>>> print(open('final30.cif').read())   # mmCIF, C-alpha atoms
data_target
#
loop_
_atom_site.label_atom_id
_atom_site.label_comp_id
_atom_site.auth_asym_id
_atom_site.auth_seq_id
_atom_site.Cartn_x
_atom_site.Cartn_y
_atom_site.Cartn_z
CA MET H 281 27.81 9.91 27.74
CA ASP H 282 27.39 13.57 28.62
CA THR H 283 28.47 13.41 32.23
CA ALA H 284 31.68 14.72 33.72
CA PRO H 285 32.84 13.95 37.26
CA ALA H 286 31.31 16.42 39.72
CA GLY H 287 33.66 19.04 41.05
CA ALA H 288 36.30 18.39 38.43
CA GLY H 289 36.42 21.90 37.08
CA PRO H 290 34.16 23.24 34.31
CA VAL H 291 31.74 20.73 32.85
CA TYR H 292 32.33 20.08 29.20
CA THR H 293 29.60 18.20 27.47
CA ALA H 294 30.94 15.89 24.85
CA ARG H 295 28.65 14.67 22.14
CA ALA H 296 29.36 12.28 19.36
CA TYR H 297 29.41 14.18 16.09
CA ARG H 298 26.56 13.27 13.82
CA GLN H 299 26.75 14.38 10.29
CA PRO H 300 23.48 16.03 9.35
CA VAL H 301 21.52 14.06 6.79
CA SER H 302 19.81 16.03 4.08
CA ARG H 303 16.05 15.89 3.68
CA PHE H 304 16.68 14.70 0.14
CA TRP H 305 19.20 11.96 0.89
CA TRP H 306 17.17 9.59 -1.26
CA LEU H 307 18.00 11.55 -4.43
CA ARG H 308 21.70 10.70 -4.11
CA ARG H 309 21.66 7.14 -5.31
CA ARG H 310 19.52 5.12 -7.66
CA SER H 311 18.94 2.42 -5.05
CA TYR H 312 17.87 5.00 -2.44
CA PHE H 313 15.56 6.61 -4.98
CA LEU H 314 13.94 3.28 -5.87
CA PHE H 315 13.50 2.58 -2.16
CA MET H 316 11.70 5.91 -1.76
CA MET H 317 9.51 5.26 -4.81
CA ARG H 318 8.56 1.88 -3.36
CA GLU H 319 7.60 3.55 -0.08
CA LEU H 320 5.66 6.23 -1.99
CA SER H 321 3.66 3.53 -3.78
CA SER H 322 1.66 3.35 -0.55
CA VAL H 323 0.10 6.73 -1.40
CA PHE H 324 -1.36 5.20 -4.57
CA VAL H 325 -2.51 2.12 -2.66
CA ALA H 326 -4.48 4.54 -0.46
CA TRP H 327 -5.80 6.34 -3.56
CA PHE H 328 -7.02 3.01 -4.91
CA VAL H 329 -9.02 2.41 -1.70
CA VAL H 330 -10.74 5.77 -2.22
CA PHE H 331 -11.39 4.98 -5.90
CA LEU H 332 -12.77 1.52 -5.04
CA LEU H 333 -15.11 2.87 -2.36
CA MET H 334 -16.41 5.49 -4.82
CA LEU H 335 -17.12 2.70 -7.31
CA VAL H 336 -18.87 0.58 -4.68
CA ALA H 337 -20.97 3.52 -3.49
CA ALA H 338 -21.92 4.37 -7.10
CA VAL H 339 -22.90 0.80 -7.99
CA SER H 340 -24.99 0.44 -4.85
CA SER H 341 -26.74 3.78 -5.52
CA GLY H 342 -28.12 2.61 -8.86
CA PRO H 343 -27.52 2.65 -12.63
CA VAL H 344 -27.48 6.45 -12.92
CA ALA H 345 -24.82 6.89 -10.24
CA TYR H 346 -22.82 4.05 -11.82
CA GLN H 347 -22.91 5.78 -15.22
CA GLU H 348 -21.83 9.04 -13.57
CA PHE H 349 -18.89 7.20 -12.02
CA LEU H 350 -17.95 5.74 -15.43
CA ASP H 351 -18.07 9.23 -17.00
CA TRP H 352 -16.01 10.71 -14.16
CA SER H 353 -13.40 7.93 -14.38
CA ALA H 354 -13.01 8.67 -18.13
CA ARG H 355 -11.97 12.29 -17.53
CA PRO H 356 -8.38 12.81 -18.73
CA TRP H 357 -6.99 13.80 -15.32
CA VAL H 358 -8.57 10.77 -13.62
CA ILE H 359 -7.18 8.45 -16.30
CA ALA H 360 -3.75 10.11 -15.99
CA LEU H 361 -3.85 9.70 -12.20
CA ASP H 362 -4.87 6.05 -12.54
CA VAL H 363 -2.09 5.36 -15.07
CA ILE H 364 0.48 6.77 -12.62
CA ALA H 365 -1.16 4.90 -9.75
CA SER H 366 -1.07 1.64 -11.74
CA ALA H 367 2.66 2.08 -12.40
CA PHE H 368 3.32 2.59 -8.68
CA VAL H 369 1.08 -0.32 -7.67
CA LEU H 370 2.91 -2.57 -10.15
CA LEU H 371 6.22 -1.41 -8.66
CA HIS H 372 4.86 -2.34 -5.25
CA ALA H 373 3.71 -5.78 -6.44
CA VAL H 374 6.98 -6.63 -8.21
CA THR H 375 9.21 -5.47 -5.34
CA TRP H 376 6.94 -7.22 -2.83
CA PHE H 377 7.02 -10.57 -4.63
CA ASN H 378 10.76 -10.33 -5.34
CA LEU H 379 11.43 -9.88 -1.62
CA ALA H 380 9.19 -12.81 -0.67
CA PRO H 381 11.85 -15.56 -1.04
CA LYS H 382 14.08 -13.57 1.34
CA ALA H 383 11.32 -12.85 3.81
CA MET H 384 9.87 -16.36 3.77
CA VAL H 385 11.85 -19.50 4.42
CA VAL H 386 9.48 -22.33 3.61
CA ARG H 387 10.32 -25.84 4.73
CA LEU H 388 8.71 -28.94 3.35
CA ARG H 389 9.53 -32.29 5.00
CA GLY H 390 12.57 -30.74 6.65
CA ARG H 391 13.99 -29.38 3.42
CA ARG H 392 14.13 -25.73 2.48
CA VAL H 393 12.01 -24.95 -0.55
CA PRO H 394 14.34 -23.26 -3.09
CA PRO H 395 13.87 -19.47 -3.28
CA ARG H 396 13.11 -19.75 -7.00
CA VAL H 397 10.11 -21.94 -6.22
CA VAL H 398 8.82 -19.51 -3.58
CA LEU H 399 9.18 -16.69 -6.11
CA ALA H 400 7.41 -18.63 -8.85
CA ALA H 401 4.60 -19.58 -6.44
CA HIS H 402 3.99 -15.90 -5.68
CA TYR H 403 3.87 -14.91 -9.34
CA GLY H 404 1.59 -17.89 -10.02
CA LEU H 405 -0.74 -16.81 -7.22
CA TRP H 406 -0.71 -13.24 -8.59
CA ALA H 407 -1.69 -14.48 -12.06
CA ALA H 408 -4.43 -16.69 -10.63
CA CYS H 409 -5.90 -13.89 -8.47
CA SER H 410 -5.84 -11.45 -11.40
CA ALA H 411 -7.56 -14.00 -13.67
CA VAL H 412 -10.28 -14.75 -11.11
CA VAL H 413 -10.97 -11.05 -10.46
CA ALA H 414 -11.11 -10.25 -14.19
CA TRP H 415 -13.41 -13.22 -14.82
CA VAL H 416 -15.79 -12.27 -11.97
CA ILE H 417 -16.02 -8.67 -13.18
CA LEU H 418 -16.15 -9.18 -16.94
CA ARG H 419 -18.06 -12.43 -17.41
CA MET I 65 18.07 -3.37 0.98
CA THR I 66 20.34 -0.35 1.10
CA ALA I 67 18.31 1.88 3.34
CA LYS I 68 17.29 0.32 6.58
CA ARG I 69 13.99 1.15 8.21
CA ALA I 70 14.13 1.94 11.89
CA PRO I 71 12.21 -0.65 13.90
CA ALA I 72 8.52 0.17 13.91
CA GLY I 73 7.16 1.53 17.13
CA LYS I 74 10.37 3.23 18.22
CA GLN I 75 8.69 6.60 18.23
CA SER I 76 5.33 6.43 19.83
CA THR I 77 3.44 3.26 19.03
CA PRO I 78 3.00 1.34 22.27
CA ARG I 79 5.09 -1.83 22.29
CA SER I 80 2.07 -4.09 22.57
CA LEU I 81 0.61 -2.72 19.34
CA GLU I 82 3.78 -3.27 17.32
CA PRO I 83 3.13 -6.89 16.22
CA ALA I 84 -0.43 -6.03 15.24
CA ALA I 85 0.73 -3.04 13.17
CA TRP I 86 3.41 -5.16 11.51
CA LEU I 87 0.95 -7.98 10.75
CA LEU I 88 -1.50 -5.53 9.16
CA PHE I 89 1.34 -3.97 7.16
CA SER I 90 2.43 -7.34 5.74
CA ALA I 91 -1.09 -8.59 5.12
CA GLY I 92 -1.89 -5.30 3.38
CA GLY I 93 1.26 -5.50 1.27
CA MET I 94 0.39 -9.00 0.12
CA ILE I 95 -3.31 -8.36 -0.55
CA ALA I 96 -2.51 -5.07 -2.29
CA ALA I 97 0.08 -6.76 -4.52
CA LEU I 98 -2.30 -9.58 -5.44
CA LEU I 99 -5.52 -7.66 -6.05
CA ILE I 100 -4.97 -3.95 -6.67
CA PRO I 101 -3.11 -4.08 -10.03
CA VAL I 102 -5.87 -6.00 -11.83
CA LEU I 103 -8.68 -3.89 -10.32
CA LEU I 104 -6.94 -0.59 -11.00
CA VAL I 105 -5.94 -1.46 -14.56
CA LEU I 106 -9.50 -2.64 -15.31
CA PHE I 107 -11.52 0.17 -13.72
CA GLY I 108 -8.90 2.93 -13.96
CA ILE I 109 -7.51 2.39 -17.47
CA ALA I 110 -9.03 -0.36 -19.62
CA ILE I 111 -12.72 0.45 -19.11
CA PRO I 112 -12.42 4.30 -19.13
CA LEU I 113 -10.36 4.13 -22.34
CA GLY I 114 -12.90 1.82 -23.96
CA TRP I 115 -10.51 -1.13 -24.40
CA LEU I 116 -13.12 -3.21 -22.60
CA ALA I 117 -16.87 -2.70 -22.38
CA ALA I 118 -18.04 -1.53 -18.96
CA PRO I 119 -19.80 -4.34 -17.07
CA ASP I 120 -23.59 -4.04 -16.74
CA HIS I 121 -24.80 -2.34 -13.60
CA SER I 122 -26.98 -5.34 -12.70
CA HIS I 123 -24.03 -7.71 -13.00
CA LEU I 124 -21.77 -5.58 -10.78
CA LEU I 125 -24.60 -5.19 -8.27
CA SER I 126 -25.04 -8.95 -8.01
CA VAL I 127 -21.27 -9.41 -7.59
CA LEU I 128 -21.32 -6.74 -4.89
CA HIS I 129 -24.21 -8.40 -3.07
CA HIS I 130 -22.27 -11.62 -2.61
CA PRO I 131 -20.98 -11.90 0.98
CA VAL I 132 -17.57 -13.16 -0.21
CA THR I 133 -17.09 -10.00 -2.32
CA LEU I 134 -17.93 -7.77 0.63
CA LEU I 135 -15.61 -9.69 2.92
CA VAL I 136 -12.73 -9.58 0.41
CA LEU I 137 -13.26 -5.86 -0.26
CA PHE I 138 -13.41 -5.07 3.45
CA GLY I 139 -10.21 -7.01 4.12
CA LEU I 140 -8.57 -5.32 1.16
CA CYS I 141 -9.55 -1.81 2.27
CA VAL I 142 -8.55 -2.21 5.94
CA SER I 143 -5.23 -3.97 5.36
CA ALA I 144 -4.31 -1.69 2.42
CA LEU I 145 -4.99 1.39 4.58
CA PHE I 146 -2.79 0.11 7.41
CA HIS I 147 -0.13 -0.78 4.85
CA TRP I 148 -0.31 2.82 3.64
CA ALA I 149 -0.12 4.15 7.20
CA HIS I 150 3.01 2.14 7.97
CA ARG I 151 4.90 3.13 4.83
CA PHE I 152 3.72 6.72 4.64
CA ARG I 153 4.78 7.23 8.24
CA SER I 154 8.26 6.02 7.30
CA VAL I 155 8.30 8.32 4.26
CA LEU I 156 7.56 11.35 6.45
CA SER I 157 9.63 10.40 9.50
CA HIS I 158 12.72 8.90 7.88
CA GLY I 159 12.45 9.89 4.24
CA LEU I 160 11.84 13.58 4.87
CA ARG I 161 13.75 13.59 8.18
CA LEU I 162 10.79 14.74 10.24
CA GLU I 163 11.71 12.58 13.25
CA ARG I 164 10.85 15.37 15.65
CA ALA I 165 7.21 15.25 14.63
CA GLY I 166 7.24 11.45 14.85
CA GLY I 167 4.47 11.24 17.41
CA VAL I 168 2.09 13.48 15.47
CA ILE I 169 2.90 11.68 12.21
CA ALA I 170 2.21 8.25 13.74
CA VAL I 171 -1.11 9.42 15.17
CA LEU I 172 -2.15 11.00 11.85
CA CYS I 173 -1.15 7.96 9.76
CA TYR I 174 -2.62 5.22 11.94
CA GLY I 175 -5.56 7.43 12.90
CA GLY I 176 -6.20 8.02 9.20
CA ALA I 177 -6.18 4.27 8.59
CA VAL I 178 -8.69 3.74 11.43
CA VAL I 179 -11.00 6.47 10.09
CA GLY I 180 -10.67 5.11 6.56
CA SER I 181 -11.54 1.60 7.77
CA VAL I 182 -14.70 2.89 9.46
CA VAL I 183 -15.69 4.70 6.24
CA ALA I 184 -15.00 1.53 4.24
CA ALA I 185 -17.15 -0.53 6.61
CA TYR I 186 -19.96 2.02 6.31
CA VAL I 187 -19.83 2.11 2.48
CA LEU I 188 -19.66 -1.68 2.17
CA ILE I 189 -22.43 -2.35 4.67
CA SER I 190 -24.74 0.18 3.02
CA ALA I 191 -23.95 -1.42 -0.36
CA TRP I 192 -25.18 -4.77 0.93
#
>>> encode(input="final30.cif", output="structure tokens")
Amino acid sequence: MDTAPAGAGPVYTARAYRQPVSRFWWLRRRSYFLFMMRELSSVFVAWFVVFLLMLVAAVSSGPVAYQEFLDWSARPWVIALDVIASAFVLLHAVTWFNLAPKAMVVRLRGRRVPPRVVLAAHYGLWAACSAVVAWVILR
Amino acid sequence: MTAKRAPAGKQSTPRSLEPAAWLLFSAGGMIAALLIPVLLVLFGIAIPLGWLAAPDHSHLLSVLHHPVTLLVLFGLCVSALFHWAHRFRSVLSHGLRLERAGGVIAVLCYGGAVVGSVVAAYVLISAW
């Protein structure tokens, strides 16, 4: 691309013009912004792992440490952070499941399972998992 | 999808690791979508706000001592961390146009997921 024949006078390097893309290109359109928010949900997924490990460590350390964890998690800033994190994690879950019928082509006896069924199966599985987890924790 | 992600591994991940990274990303996305909302809403919002009574310590301890719980939590932590690494790397590299630092970003993200997985294993094994 950048080569000129040797000995053919001065060498001009030609480069395809690339329009610079702004660092904040994702603020330009609603769909780009939603895409970025979906990607950013991963930060709150990581925060949840930290939160979960703190809970596990507290429970395994004994009743006093567990109570301290409960008191800490009831501080306003922790609740606020967890409310924001929940919103992002829900955005992740909904966008993830809504993409599933496009990402997964399921065939049963040679026939393609309709995308609506794949979508419904994912939401059904989500409801079942949530119910089992809530039952195990709260029973 | 309007914005297209560049193929993973273009920057510095060795080619042979690409399928493994992609598998962990997808597994993490699925497990995170299925399990994190209920856990976070329960322990992050409903219990701290007093909508639900906090479970007894002895009950949670017995749940935690079950091998299935430990296995599920370990799988959740590891795959969720690699899911984070994959997406956060794309946020920094493509979202914020930091392609030049792509190598460093990949090492920090995937390295962070590896370190986090080791910490998770340590916490879960000592809880057992």
>>> interface_residues(input="final30.cif", of="chain H", to="chain I", cutoff="7 Å", atoms="only C-alpha atoms", output="number ranges by chain")
H: 303-304, 311-312, 319-320, 322-323, 325-326, 329, 333, 336-337, 339-340, 343, 346, 350, 353-354, 359, 362-363, 366, 369-370, 372-373, 406, 409-410, 417-418
>>> axis_aligned_box(input="final30.cif", around="stretch 121-131 of chain I", padding_each_side="8 Å", output="AutoDock Vina command-line options")
--center_x -24.0 --center_y -7.1 --center_z -6.3 --size_x 22.0 --size_y 25.6 --size_z 30.6
>>> atom_distance(input="final30.cif", atom1="atom CA of I:His130", atom2="atom CA of H:Val416")
11.4 Å
>>> atom_distance(input="final30.cif", atom1="atom CA of H:Met334", atom2="atom CA of H:Phe349")
7.8 Å
>>> residues_near_point(input="final30.cif", point="(5.1, 8.8, 11.9)", cutoff="7 Å", atoms="all atoms listed in the file", output="count of residues only")
10
>>> atom_distance(input="final30.cif", atom1="atom CA of H:Arg419", atom2="atom CA of H:Ala367")
25.8 Å
>>> resolve_selection(input="final30.cif", expression="the PyMOL selection byres ((chain H and resi 398) around 12)", output="PDB file with C-alpha atoms, in the coordinates of the input")
ATOM      1  CA  PHE H 377       7.020 -10.570  -4.630  1.00  0.00           C
ATOM      2  CA  ASN H 378      10.760 -10.330  -5.340  1.00  0.00           C
ATOM      3  CA  LEU H 379      11.430  -9.880  -1.620  1.00  0.00           C
ATOM      4  CA  ALA H 380       9.190 -12.810  -0.670  1.00  0.00           C
ATOM      5  CA  PRO H 381      11.850 -15.560  -1.040  1.00  0.00           C
ATOM      6  CA  LYS H 382      14.080 -13.570   1.340  1.00  0.00           C
ATOM      7  CA  ALA H 383      11.320 -12.850   3.810  1.00  0.00           C
ATOM      8  CA  MET H 384       9.870 -16.360   3.770  1.00  0.00           C
ATOM      9  CA  VAL H 385      11.850 -19.500   4.420  1.00  0.00           C
ATOM     10  CA  VAL H 386       9.480 -22.330   3.610  1.00  0.00           C
ATOM     11  CA  ARG H 387      10.320 -25.840   4.730  1.00  0.00           C
ATOM     12  CA  LEU H 388       8.710 -28.940   3.350  1.00  0.00           C
ATOM     13  CA  ARG H 392      14.130 -25.730   2.480  1.00  0.00           C
ATOM     14  CA  VAL H 393      12.010 -24.950  -0.550  1.00  0.00           C
ATOM     15  CA  PRO H 394      14.340 -23.260  -3.090  1.00  0.00           C
ATOM     16  CA  PRO H 395      13.870 -19.470  -3.280  1.00  0.00           C
ATOM     17  CA  ARG H 396      13.110 -19.750  -7.000  1.00  0.00           C
ATOM     18  CA  VAL H 397      10.110 -21.940  -6.220  1.00  0.00           C
ATOM     19  CA  LEU H 399       9.180 -16.690  -6.110  1.00  0.00           C
ATOM     20  CA  ALA H 400       7.410 -18.630  -8.850  1.00  0.00           C
ATOM     21  CA  ALA H 401       4.600 -19.580  -6.440  1.00  0.00           C
ATOM     22  CA  HIS H 402       3.990 -15.900  -5.680  1.00  0.00           C
ATOM     23  CA  TYR H 403       3.870 -14.910  -9.340  1.00  0.00           C
ATOM     24  CA  GLY H 404       1.590 -17.890 -10.020  1.00  0.00           C
ATOM     25  CA  LEU H 405      -0.740 -16.810  -7.220  1.00  0.00           C
TER      26      LEU H 405
END
>>> closest_residue(input="final30.cif", among="H:Trp352, H:Tyr297, H:Trp305, H:Phe315", to="H:Thr375", atoms="all atoms listed in the file")
H:Phe315
